[in-house]
Amino acid sequence: MPSSNDISQLHTTQAKLLAGTRRHFFSRCSMGLGSIALASLMAEQQAKAAPSPQDPLAPQKPHGAPRAKNVIYLFMAGGPSQLELFDYKPKLQELNGQPIPQSFIEGKRFAFMNSSHGVKLLGARREFKQHGQSGAWVSDLLPHTASVADDLCFVKSCATELFNHAPAKLFMNTGSGQFGRPSMGAWVTYGLGSESRDLPGFVVLQSGPRGPRGGAVNWASGFLPTTYQGVPLRGTGEPILNLSTPGGISSASQRKAIDAIRDLNLARLVETGDAEIQTRINSYEMAYRMQTSAPDLIDISGESQATLDMYGVDPLQPSFARNCLLARRLVERGTRFVQLYHTNWDSHGGPGETLEDDFPPRCREIDQGCAALIRDLKSRGLLEDTLVVWGGEFGRTPMGENRDKTGRNHHIDAFTMWFAGGGVKAGHTFGESDELGFNAVEDKAHVHDLHATILHLLGIDHKKLTFRFQGRDFRLTDVHGKLLRGMLA
């Protein structure tokens with residue numbers, strides 16, 4: 001007969017079996033799902049096969065036929081003045097110094113009420129000319145951009161809803177002024193994945209005197225898995241701080257450590273099903289691969305002198321022009337969405353923000369790089385598949401400001417952006433503002449409409465690109481957005 005000790009052990013074993021769950025069984029079983037998933041992942045890496053369905057950045061099939069595969073978004077942070085650059089208004093010149101008709105401003109709100117009301121109309125103090133076969137109006141501040149006017153589609157009827165910098169940047173990037181929403185680059189990589197295996201699908205490059213107001217929320221993934229957030233890269237030195245292997249650690253020992261961390265994370269992933277753990281696994285692997293790919297990306301020593309001269313790049317200095325060159329190199333390597341931020345385009349007329357002294361240097365900093373990027377992409381056959389976007393979070397008023405020097409206030413009702421490549425009409429102007437540049441009067445292009453059109457050019461139906469969060473389906477365009485067909489080639 002079994003002893004009392006044997007009976008006690010039997011009861012203990014039975015209790016453990018009864019308390020066990022299917023999740024415990026599969027996670028502990030030596031031939032369970034965890035081992036199968038781990039073996040699959042290891043086999044994939046050893047064979048260097050195509051990305052598995054577990055890879056959130058694996059290329060995805062779009063909803064429709066795409067006109068563009070990649071996006072380069074040149075974001076002029078601070079709100080560049082369309083009236084000094086692209087939106088030529090002879091009537092505004094004629095009425096310079098006169099009060100704006102009350103009908104234009106009745107019921108309007110401005111970011112700085114005391115400096116906007118009671119001020120006079122301000123004509124642009126620049127020389128405008130028509131350029132190329134398209135006859136596009138561009139001022140003398142952007143001679144290089146003017147030289148590629150026939151490759152650009154100017155949208156002069158852009159409109160937004162928020163008139164202060166940080167929320168307006170957030171709105172332009174995420175379709176909402178509320179924190180916590182995914183940026184457009186995150187939505188695009190969520191919907192399409194990335195063609196690059198060794199670089200992030202969404203990369204951010206910055207230049208100018210400081211970072212954009214709002215900072216990282218402009219390229220964050222919001223409620224999407226953090227795999228899709230933008231990754232800021234430095235243009236010189238170490239692309240990402242602490243990316244290099246510390247001294248005294250061999251490649252083999254580092255590989256063993258990453259493999260051990262991956263195995264632990266994968267076991268936890270099987271237990272919890274938490275998508276953020278999959279993000280963590282992929283982040284470790286991407287960082288390991290980027291130890292080689294990122295330094296190779298920013299090493300422009302292999303570029304021809306003619307290319308460097310075209311961009312106006314000093315190989316030893318970070319600049320917007322250098323970032324434009326890096327953007328071309330990124331899309332060549334399959335990165336899906338590249339966003340360049342350049343500050344400071346705020347032009348109120350105060351110290352460091354005058355239209356006379358400070359605006360022209362801002363223009364010179366970006367002019368040659370923008371034009372070179374268009375030419376370079378076109379010469380390499382990349383412009384057809386790459387959508388280039390240029391613009392800020394809003395524009396500037398037709399009135400001046402009550403400041404010591406010349407400036408303009410924030411303006412949300414009519415401003416200009418330009419697009420190139422990727423299925424938009426080249427040498428075309430879409431939309432118009434009124435004779436003073438105050439309101440959009442033809443083909444108004446709201447931010448939601450611009451987002452819907454950009455997604456369409458990538459083959460994405462903006463109404464179908466959704467993510468369920470807190471009980472509802474969210475999308476980049478919220479419940480808005482219409483396709484701006486007049487922009488399409």
# chains A, B, ... in the order shown; residues from 1 in each chain; ligands from 1
$ select_by_dssp --residues "stretch 315-361 of chain A" --states "alpha helix (DSSP H)" --output "list of chain:residue names"
A:Phe320, A:Ala321, A:Arg322, A:Asn323, A:Cys324, A:Leu325, A:Leu326, A:Ala327, A:Arg328, A:Arg329, A:Leu330, A:Val331, A:Glu332, A:Phe359, A:Pro360, A:Pro361
$ write_last_selection --atoms "C-alpha atoms" --output "PDB file, in the first residue's frame"
ATOM      1  CA  PHE A 320      19.826  70.997 -44.011  1.00  0.00           C
ATOM      2  CA  ALA A 321      21.524  70.369 -47.372  1.00  0.00           C
ATOM      3  CA  ARG A 322      23.405  67.397 -45.913  1.00  0.00           C
ATOM      4  CA  ASN A 323      20.130  66.056 -44.519  1.00  0.00           C
ATOM      5  CA  CYS A 324      18.585  66.325 -47.992  1.00  0.00           C
ATOM      6  CA  LEU A 325      21.417  64.183 -49.326  1.00  0.00           C
ATOM      7  CA  LEU A 326      20.922  61.703 -46.482  1.00  0.00           C
ATOM      8  CA  ALA A 327      17.209  61.596 -47.307  1.00  0.00           C
ATOM      9  CA  ARG A 328      18.020  60.488 -50.843  1.00  0.00           C
ATOM     10  CA  ARG A 329      20.392  57.838 -49.476  1.00  0.00           C
ATOM     11  CA  LEU A 330      17.686  56.624 -47.075  1.00  0.00           C
ATOM     12  CA  VAL A 331      15.019  56.136 -49.748  1.00  0.00           C
ATOM     13  CA  GLU A 332      17.610  54.379 -51.901  1.00  0.00           C
ATOM     14  CA  PHE A 359      14.005  85.435 -43.063  1.00  0.00           C
ATOM     15  CA  PRO A 360      16.476  85.614 -45.997  1.00  0.00           C
ATOM     16  CA  PRO A 361      19.139  83.490 -44.206  1.00  0.00           C
TER      17      PRO A 361
END
$ select_by_dssp --residues "stretch 169-234 of chain A" --states "strand (DSSP E)" --output "list in words"
Phe202, Val203, Val204, Leu205, Gln206, Ser207, Val231 and Pro232 of chain A
$ closest_residue --among "A:Trp187, A:Phe223, A:Trp137, A:Phe75" --to "A:Gln470" --atoms "only C-alpha atoms"
A:Phe223
$ residues_around --residues "A:Ser207" --least-positions-apart "4" --cutoff "8 Å" --atoms "only C-alpha atoms" --output "ChimeraX atom specification"
/A:211,318-320,323,340-343
$ write_last_selection --atoms "N, CA, C and O atoms" --output "PDB file, in the first residue's frame"
ATOM      1  N   GLY A 211      15.460  72.502 -31.952  1.00  0.00           N
ATOM      2  CA  GLY A 211      14.479  71.528 -32.387  1.00  0.00           C
ATOM      3  C   GLY A 211      13.103  72.147 -32.545  1.00  0.00           C
ATOM      4  O   GLY A 211      12.835  73.242 -32.054  1.00  0.00           O
ATOM      5  N   PRO A 318      27.262  69.665 -40.281  1.00  0.00           N
ATOM      6  CA  PRO A 318      25.852  69.305 -40.405  1.00  0.00           C
ATOM      7  C   PRO A 318      25.063  70.459 -41.006  1.00  0.00           C
ATOM      8  O   PRO A 318      25.392  71.625 -40.780  1.00  0.00           O
ATOM      9  N   SER A 319      24.043  70.166 -41.784  1.00  0.00           N
ATOM     10  CA  SER A 319      23.240  71.213 -42.416  1.00  0.00           C
ATOM     11  C   SER A 319      21.979  70.590 -42.979  1.00  0.00           C
ATOM     12  O   SER A 319      21.852  69.368 -43.108  1.00  0.00           O
ATOM     13  N   PHE A 320      21.034  71.464 -43.344  1.00  0.00           N
ATOM     14  CA  PHE A 320      19.826  70.997 -44.011  1.00  0.00           C
ATOM     15  C   PHE A 320      20.180  70.343 -45.340  1.00  0.00           C
ATOM     16  O   PHE A 320      19.595  69.316 -45.710  1.00  0.00           O
ATOM     17  N   ASN A 323      21.272  66.906 -44.837  1.00  0.00           N
ATOM     18  CA  ASN A 323      20.130  66.056 -44.519  1.00  0.00           C
ATOM     19  C   ASN A 323      19.319  65.705 -45.766  1.00  0.00           C
ATOM     20  O   ASN A 323      18.755  64.615 -45.855  1.00  0.00           O
ATOM     21  N   LEU A 340      12.397  65.720 -42.580  1.00  0.00           N
ATOM     22  CA  LEU A 340      13.432  66.686 -42.246  1.00  0.00           C
ATOM     23  C   LEU A 340      12.773  67.894 -41.596  1.00  0.00           C
ATOM     24  O   LEU A 340      11.839  68.484 -42.166  1.00  0.00           O
ATOM     25  N   TYR A 341      13.240  68.278 -40.421  1.00  0.00           N
ATOM     26  CA  TYR A 341      12.770  69.488 -39.747  1.00  0.00           C
ATOM     27  C   TYR A 341      13.854  70.552 -39.823  1.00  0.00           C
ATOM     28  O   TYR A 341      15.015  70.276 -39.512  1.00  0.00           O
ATOM     29  N   HIS A 342      13.440  71.757 -40.238  1.00  0.00           N
ATOM     30  CA  HIS A 342      14.382  72.878 -40.218  1.00  0.00           C
ATOM     31  C   HIS A 342      13.708  74.063 -39.535  1.00  0.00           C
ATOM     32  O   HIS A 342      12.601  74.471 -39.883  1.00  0.00           O
ATOM     33  N   THR A 343      14.371  74.618 -38.533  1.00  0.00           N
ATOM     34  CA  THR A 343      13.857  75.764 -37.780  1.00  0.00           C
ATOM     35  C   THR A 343      14.813  76.945 -38.007  1.00  0.00           C
ATOM     36  O   THR A 343      15.934  76.760 -38.455  1.00  0.00           O
TER      37      THR A 343
END
$ closest_residue --among "A:Gly79, A:Ile454, A:Val148, A:Asn70" --to "A:Glu353" --atoms "only C-alpha atoms"
A:Gly79
$ residues_around --residues "A:Pro56" --least-positions-apart "2" --cutoff "10 Å" --atoms "only C-alpha atoms" --output "VMD selection string"
chain A and resid 51 to 54 58 to 60 189 to 194 225 227 to 228 275 278 to 279 282
$ closest_residue --among "A:Asp473, A:Glu238, A:Asp404, A:Glu285" --to "A:Pro200" --atoms "only C-alpha atoms"
A:Glu285
$ atom_distance --atom1 "atom CA of A:Tyr88" --atom2 "atom CA of A:Ala452"
27.6 Å
$ atom_distance --atom1 "atom CA of A:Trp345" --atom2 "atom CA of A:Pro80"
5.2 Å
